[in-house]
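Data from protein07.cif: mmCIF, C-alpha atoms
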```cif
data_target
loop_
_atom_site.label_atom_id
_atom_site.label_comp_id
_atom_site.auth_asym_id
_atom_site.auth_seq_id
_atom_site.Cartn_x
_atom_site.Cartn_y
_atom_site.Cartn_z
CA MET A 1 1.10 128.66 90.20
CA GLU A 2 4.51 128.67 91.90
CA PHE A 3 4.14 124.95 92.64
CA LYS A 4 3.42 124.18 88.96
CA GLU A 5 6.39 126.27 87.83
CA SER A 6 8.64 124.40 90.28
CA ILE A 7 7.49 121.04 88.93
CA LEU A 8 8.03 122.25 85.34
CA ILE A 9 11.58 123.40 86.11
CA LYS A 10 12.38 120.04 87.69
CA LEU A 11 11.06 118.21 84.64
CA VAL A 12 13.17 120.35 82.30
CA VAL A 13 16.30 119.65 84.37
CA MET A 14 15.57 115.92 84.39
CA LEU A 15 15.14 115.90 80.61
CA GLN A 16 18.41 117.77 80.16
CA CYS A 17 20.22 115.27 82.36
CA LEU A 18 18.67 112.35 80.49
CA THR A 19 19.73 113.85 77.17
CA LEU A 20 23.30 114.18 78.40
CA VAL A 21 23.37 110.55 79.52
CA LEU A 22 21.97 109.29 76.23
CA CYS A 23 24.46 111.34 74.25
CA ALA A 24 27.35 110.15 76.38
CA SER A 25 26.34 106.50 75.93
CA GLN A 26 27.16 106.67 72.23
CA ASP A 27 30.32 108.72 72.47
CA PHE A 28 32.53 106.22 70.65
CA ASP A 29 32.18 104.03 67.58
CA PHE A 30 34.09 100.82 68.32
CA PHE A 31 36.78 99.29 70.51
CA TYR A 32 40.35 98.40 69.68
CA PHE A 33 41.22 95.18 71.47
CA TRP A 34 44.95 95.08 71.79
CA PRO A 35 46.82 91.83 72.57
CA GLY A 36 50.59 92.09 72.67
CA SER A 37 53.69 89.97 73.01
CA TYR A 38 55.69 90.07 76.23
CA CYS A 39 58.26 92.75 75.72
CA ASP A 40 59.19 95.69 73.58
CA THR A 41 62.91 95.06 73.14
CA GLN A 42 63.48 98.80 72.74
CA GLN A 43 62.58 99.14 76.42
CA SER A 44 63.43 97.09 79.46
CA CYS A 45 60.81 94.59 80.66
CA CYS A 46 60.22 92.99 84.04
CA TYR A 47 58.01 90.09 84.96
CA PRO A 48 55.22 90.91 87.40
CA THR A 49 55.54 90.13 91.10
CA SER A 50 53.01 87.33 90.60
CA GLY A 51 55.59 85.48 88.48
CA LYS A 52 56.34 84.88 84.83
CA PRO A 53 53.11 84.74 82.81
CA ASP A 54 52.31 81.85 80.49
CA ALA A 55 53.97 81.84 77.08
CA ASP A 56 51.14 83.59 75.27
CA PHE A 57 49.95 86.98 74.13
CA GLY A 58 48.91 89.28 76.95
CA ILE A 59 46.30 92.01 76.91
CA HIS A 60 47.42 95.59 76.44
CA GLY A 61 44.03 97.24 76.49
CA LEU A 62 40.46 97.68 75.32
CA TRP A 63 40.15 101.18 73.90
CA PRO A 64 37.01 103.06 72.82
CA ASN A 65 37.74 104.64 69.45
CA TYR A 66 36.19 106.88 66.82
CA ASN A 67 35.85 105.97 63.16
CA ASP A 68 38.24 108.78 62.21
CA GLY A 69 41.07 107.16 64.20
CA SER A 70 40.94 109.49 67.20
CA TYR A 71 39.78 108.38 70.63
CA PRO A 72 38.34 109.77 73.85
CA SER A 73 40.39 109.53 77.04
CA ASN A 74 40.16 110.19 80.78
CA CYS A 75 36.41 110.64 80.60
CA ASP A 76 35.48 110.46 84.29
CA SER A 77 37.96 111.35 87.02
CA SER A 78 35.22 110.80 89.61
CA ASN A 79 35.19 107.05 88.90
CA PRO A 80 38.76 105.78 89.46
CA PHE A 81 39.80 102.14 89.30
CA GLN A 82 38.84 100.17 92.40
CA GLN A 83 40.41 96.78 92.95
CA SER A 84 37.34 95.69 94.93
CA GLN A 85 35.24 95.96 91.77
CA VAL A 86 37.26 93.22 90.04
CA SER A 87 38.33 91.12 93.03
CA ASN A 88 37.05 87.89 91.49
CA LEU A 89 38.97 88.60 88.26
CA ILE A 90 42.39 89.45 89.74
CA SER A 91 43.94 85.98 89.47
CA THR A 92 42.85 85.70 85.83
CA MET A 93 44.03 89.23 85.06
CA GLN A 94 47.46 88.43 86.51
CA LYS A 95 47.69 85.58 84.03
CA GLU A 96 46.04 87.11 80.98
CA TRP A 97 46.68 90.86 81.47
CA PRO A 98 50.11 91.01 83.12
CA THR A 99 52.20 94.11 83.62
CA LEU A 100 55.69 94.08 82.14
CA ALA A 101 56.78 97.50 83.36
CA CYS A 102 59.93 97.95 85.43
CA PRO A 103 60.31 97.78 88.31
CA SER A 104 58.12 94.70 88.75
CA GLY A 105 54.57 95.40 89.87
CA ASN A 106 51.39 93.55 90.78
CA GLY A 107 49.35 94.91 87.88
CA ILE A 108 47.22 97.35 89.86
CA GLN A 109 48.91 100.44 88.44
CA PHE A 110 48.64 99.09 84.88
CA TRP A 111 44.95 98.18 85.18
CA SER A 112 44.22 101.46 86.92
CA HIS A 113 45.78 103.37 84.03
CA GLU A 114 43.77 101.41 81.45
CA TRP A 115 40.49 101.97 83.27
CA ASP A 116 41.08 105.64 84.10
CA LYS A 117 42.25 106.59 80.60
CA HIS A 118 40.13 104.29 78.44
CA GLY A 119 37.59 102.31 80.43
CA THR A 120 35.88 105.40 81.82
CA CYS A 121 35.02 106.39 78.26
CA SER A 122 32.78 103.34 77.94
CA GLU A 123 31.34 103.39 81.47
CA SER A 124 27.85 104.24 80.23
CA LEU A 125 27.82 100.77 78.70
CA LEU A 126 30.30 98.82 80.84
CA ASN A 127 31.02 99.18 84.54
CA GLN A 128 34.51 98.38 85.82
CA HIS A 129 33.87 94.68 86.30
CA ASP A 130 32.18 94.32 82.90
CA TYR A 131 34.99 96.20 81.16
CA PHE A 132 37.77 93.93 82.43
CA GLU A 133 35.69 90.79 82.08
CA ALA A 134 34.89 91.71 78.46
CA ALA A 135 38.60 92.05 77.64
CA LEU A 136 39.36 88.68 79.22
CA ASN A 137 36.55 87.06 77.25
CA LEU A 138 37.79 88.61 74.00
CA LYS A 139 41.27 87.22 74.56
CA GLN A 140 39.87 83.72 74.94
CA LYS A 141 37.63 84.22 71.93
CA ALA A 142 40.49 85.41 69.70
CA ASN A 143 43.00 82.78 70.92
CA LEU A 144 45.71 84.30 68.74
CA LEU A 145 48.49 81.92 69.67
CA GLN A 146 46.36 78.93 68.69
CA ALA A 147 45.41 80.62 65.43
CA LEU A 148 49.07 81.18 64.54
CA THR A 149 50.51 77.86 65.68
CA SER A 150 47.75 75.99 63.82
CA ALA A 151 49.06 77.68 60.67
CA GLY A 152 52.63 76.65 61.47
CA ILE A 153 53.62 80.09 62.77
CA ASN A 154 55.39 79.55 66.07
CA PRO A 155 57.04 81.87 68.64
CA ASP A 156 60.44 80.34 67.99
CA GLY A 157 62.48 83.26 66.73
CA GLY A 158 61.79 82.33 63.13
CA PHE A 159 60.73 84.68 60.35
CA TYR A 160 57.31 84.53 58.77
CA SER A 161 55.65 86.59 56.07
CA LEU A 162 53.43 89.39 57.31
CA SER A 163 50.70 88.21 54.96
CA SER A 164 50.73 84.68 56.41
CA ILE A 165 50.36 86.06 59.95
CA LYS A 166 47.43 88.27 58.93
CA ASN A 167 45.80 85.43 57.01
CA ALA A 168 46.14 82.99 59.89
CA ILE A 169 44.39 85.37 62.28
CA SER A 170 41.78 86.41 59.72
CA ASP A 171 40.96 82.78 58.89
CA SER A 172 40.51 82.06 62.60
CA ILE A 173 38.39 85.01 63.75
CA GLY A 174 36.88 86.09 60.44
CA PHE A 175 38.31 89.63 60.41
CA THR A 176 41.56 91.23 59.28
CA PRO A 177 43.89 92.34 62.09
CA PHE A 178 46.42 95.15 62.15
CA ILE A 179 49.92 93.98 63.05
CA GLU A 180 52.29 96.31 64.89
CA CYS A 181 56.01 95.60 64.73
CA ASN A 182 59.06 96.84 66.58
CA SER A 183 62.75 96.09 66.12
CA ASP A 184 64.90 93.60 67.95
CA SER A 185 68.44 94.34 69.10
CA SER A 186 69.73 93.51 65.61
CA GLY A 187 67.27 95.79 63.89
CA ASN A 188 65.01 93.00 62.61
CA SER A 189 61.29 93.71 62.35
CA GLN A 190 59.41 91.57 64.85
CA LEU A 191 55.82 90.88 65.81
CA TYR A 192 54.91 93.12 68.71
CA GLN A 193 51.17 93.71 69.00
CA VAL A 194 47.92 92.83 67.27
CA TYR A 195 44.92 95.14 66.91
CA LEU A 196 41.43 93.69 66.56
CA CYS A 197 38.23 95.73 66.31
CA VAL A 198 35.21 95.06 68.48
CA ASP A 199 31.63 96.34 68.56
CA THR A 200 30.45 98.80 71.22
CA ASP A 201 29.05 95.94 73.30
CA ALA A 202 32.63 94.66 73.61
CA SER A 203 31.42 91.21 72.65
CA SER A 204 31.99 90.60 68.93
CA PHE A 205 34.83 91.22 66.49
CA ILE A 206 34.05 93.47 63.52
CA ASP A 207 35.78 94.85 60.42
CA CYS A 208 38.03 97.70 61.48
CA PRO A 209 36.67 101.10 60.40
CA VAL A 210 40.24 102.42 60.49
CA PHE A 211 43.67 100.96 61.16
CA PRO A 212 46.40 102.55 63.30
CA HIS A 213 49.45 104.03 61.64
CA GLY A 214 52.65 102.02 61.31
CA LYS A 215 54.10 99.32 59.14
CA CYS A 216 56.06 96.08 59.29
CA SER A 217 58.56 94.47 56.97
CA SER A 218 57.23 91.85 54.58
CA ASN A 219 58.93 89.18 56.72
CA ILE A 220 58.90 89.53 60.48
CA GLU A 221 60.33 87.68 63.44
CA PHE A 222 58.04 85.90 65.91
CA SER A 223 60.18 85.91 69.04
CA SER A 224 59.68 83.47 71.88
CA PHE A 225 57.63 84.72 74.80
#
```

structure tokens encoding of this file:
Amino acid sequence: MEFKESILIKLVVMLQCLTLVLCASQDFDFFYFWPGSYCDTQQSCCYPTSGKPDADFGIHGLWPNYNDGSYPSNCDSSNPFQQSQVSNLISTMQKEWPTLACPSGNGIQFWSHEWDKHGTCSESLLNQHDYFEAALNLKQKANLLQALTSAGINPDGGFYSLSSIKNAISDSIGFTPFIECNSDSSGNSQLYQVYLCVDTDASSFIDCPVFPHGKCSSNIEFSSF
């Protein structure tokens, strides 16, 4: 009898653990994929120690999000960023996901922050390598600079209508982006970052269930990288 009770207890514990895992695997609704321009002119910027990145949008992050606009964060302190997990991606990350913080860095602190705060909240679906590889693949898939320049919108310091920027990206990827602006030293509204929404597999763009807060002027500056 004691043996049967022991087996029963173990089965109950296993079922409880399995339930927790299954619940955790669906603990967000979509990703924000967040490409950005080089610098926020309201703060100082430094090129990474690996050198000046290519003149293109960089990656800010890939964030699990809820449909109500909130998001989970710092979900698993027991699984910190490990450079060894992404060793074959480092050279590409230096190019496509550069750090612009001052003083200059090699990107490790930036990537560590993104994984620890956001990536761990999708770890039931994506391990560290898959998480960073997915973001790199999404950047290539979106190809924002190509989408804009093909529509005659160039990073030349000129001013373009907000609607034309949105339309150029929407026509290219099939979904409406959210555009975040900041202000240059003269107070002009300028293109800063682009938000795209992605399914929970981190593989396909989707219609955004909710947009972040913020607004841009009707005409915004597209500064050179």

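Summary of the local environment: counting all atoms listed in the file, residues at most 9 Å from range 159-169 of chain A, other than itself and those fewer than 5 positions away along its chain, are A:Ala142, A:Leu144, A:Ala147, A:Leu148, A:Thr149, A:Ser150, A:Ala151, A:Ile153, A:Gly174, A:Phe175, A:Thr176, A:Pro177, A:Phe178, A:Ile179, A:Gln190, A:Leu191, A:Cys216, A:Ser217, A:Ser218, A:Asn219, A:Ile220, A:Glu221, A:Phe222, A:Ser223.
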
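Considering the residues A:Ile90, A:Cys75, A:Leu145, A:Ala134 and counting only C-alpha atoms, Asp54 in chain A has its shortest atom-to-atom contact with A:Leu145.
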
*All residues 8 Å or closer to Thr120 in chain A, only C-alpha atoms, same chain fewer than 6 positions away omitted, as a PyMOL selection string*: chain A and resi 73-76+79

*Determine the residue membership of the PyMOL selection byres ((chain A and resi 107) around 10) for the file above and supply it as a ChimeraX atom specification.*
/A:48-50,90,93-94,97-101,104-106,108-113

_Distance criterion (all atoms listed in the file): nearest to Ile206 in chain A out of A:Ser170, A:Gln146, A:Gln82, A:Pro155_ = A:Ser170

For this structure, which residues satisfy the selection - the PyMOL selection byres ((chain A and resi 86) around 10) - when it is evaluated on the file as given? I want them as a short mmCIF file (atom, residue, chain, number, x, y, z; two decimals) with C-alpha atoms, in the coordinates of the input.
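The file below, out.cif, is the result:
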```cif
data_model
loop_
_atom_site.label_atom_id
_atom_site.label_comp_id
_atom_site.auth_asym_id
_atom_site.auth_seq_id
_atom_site.Cartn_x
_atom_site.Cartn_y
_atom_site.Cartn_z
CA PHE A 81 39.80 102.14 89.30
CA GLN A 82 38.84 100.17 92.40
CA GLN A 83 40.41 96.78 92.95
CA SER A 84 37.34 95.69 94.93
CA GLN A 85 35.24 95.96 91.77
CA SER A 87 38.33 91.12 93.03
CA ASN A 88 37.05 87.89 91.49
CA LEU A 89 38.97 88.60 88.26
CA ILE A 90 42.39 89.45 89.74
CA SER A 91 43.94 85.98 89.47
CA MET A 93 44.03 89.23 85.06
CA GLN A 128 34.51 98.38 85.82
CA HIS A 129 33.87 94.68 86.30
CA ASP A 130 32.18 94.32 82.90
CA TYR A 131 34.99 96.20 81.16
CA PHE A 132 37.77 93.93 82.43
CA GLU A 133 35.69 90.79 82.08
#
```

_Ranking A:Cys39, A:Leu126, A:Cys45, A:Cys121 by minimum distance to Asn65 in chain A and counting only C-alpha atoms, which one comes first?_
A:Cys121

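Here CA of Asn137 in chain A is placed at a distance of 10.7 Å from CA of Thr92 in chain A.
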
*Can you tell me how far CA of Ser37 in chain A sits from CA of Pro80 in chain A, in Å to one decimal?*
27.3 Å

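What separates CA of Leu125 in chain A from CA of Trp63 in chain A is a distance of 13.2 Å.
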
Padded axis-aligned box of range 115-119 of chain A (6 Å per side), centre and edge lengths, Å, one decimal, as JSON:
```
{"center_x": 39.9, "center_y": 104.3, "center_z": 81.3, "size_x": 16.7, "size_y": 16.6, "size_z": 17.7}
```

Determine the residue set returned by the PyMOL selection byres ((chain A and resi 192) around 6) for the present structure, and present it as a PDB file with C-alpha atoms, in the frame of the given file.
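Contents of result.pdb, as written:
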```
ATOM      1  CA  GLY A  36      50.590  92.090  72.670  1.00  0.00           C
ATOM      2  CA  SER A  37      53.690  89.970  73.010  1.00  0.00           C
ATOM      3  CA  GLU A 180      52.290  96.310  64.890  1.00  0.00           C
ATOM      4  CA  CYS A 181      56.010  95.600  64.730  1.00  0.00           C
ATOM      5  CA  ASN A 182      59.060  96.840  66.580  1.00  0.00           C
ATOM      6  CA  LEU A 191      55.820  90.880  65.810  1.00  0.00           C
ATOM      7  CA  GLN A 193      51.170  93.710  69.000  1.00  0.00           C
TER       8      GLN A 193
END
```
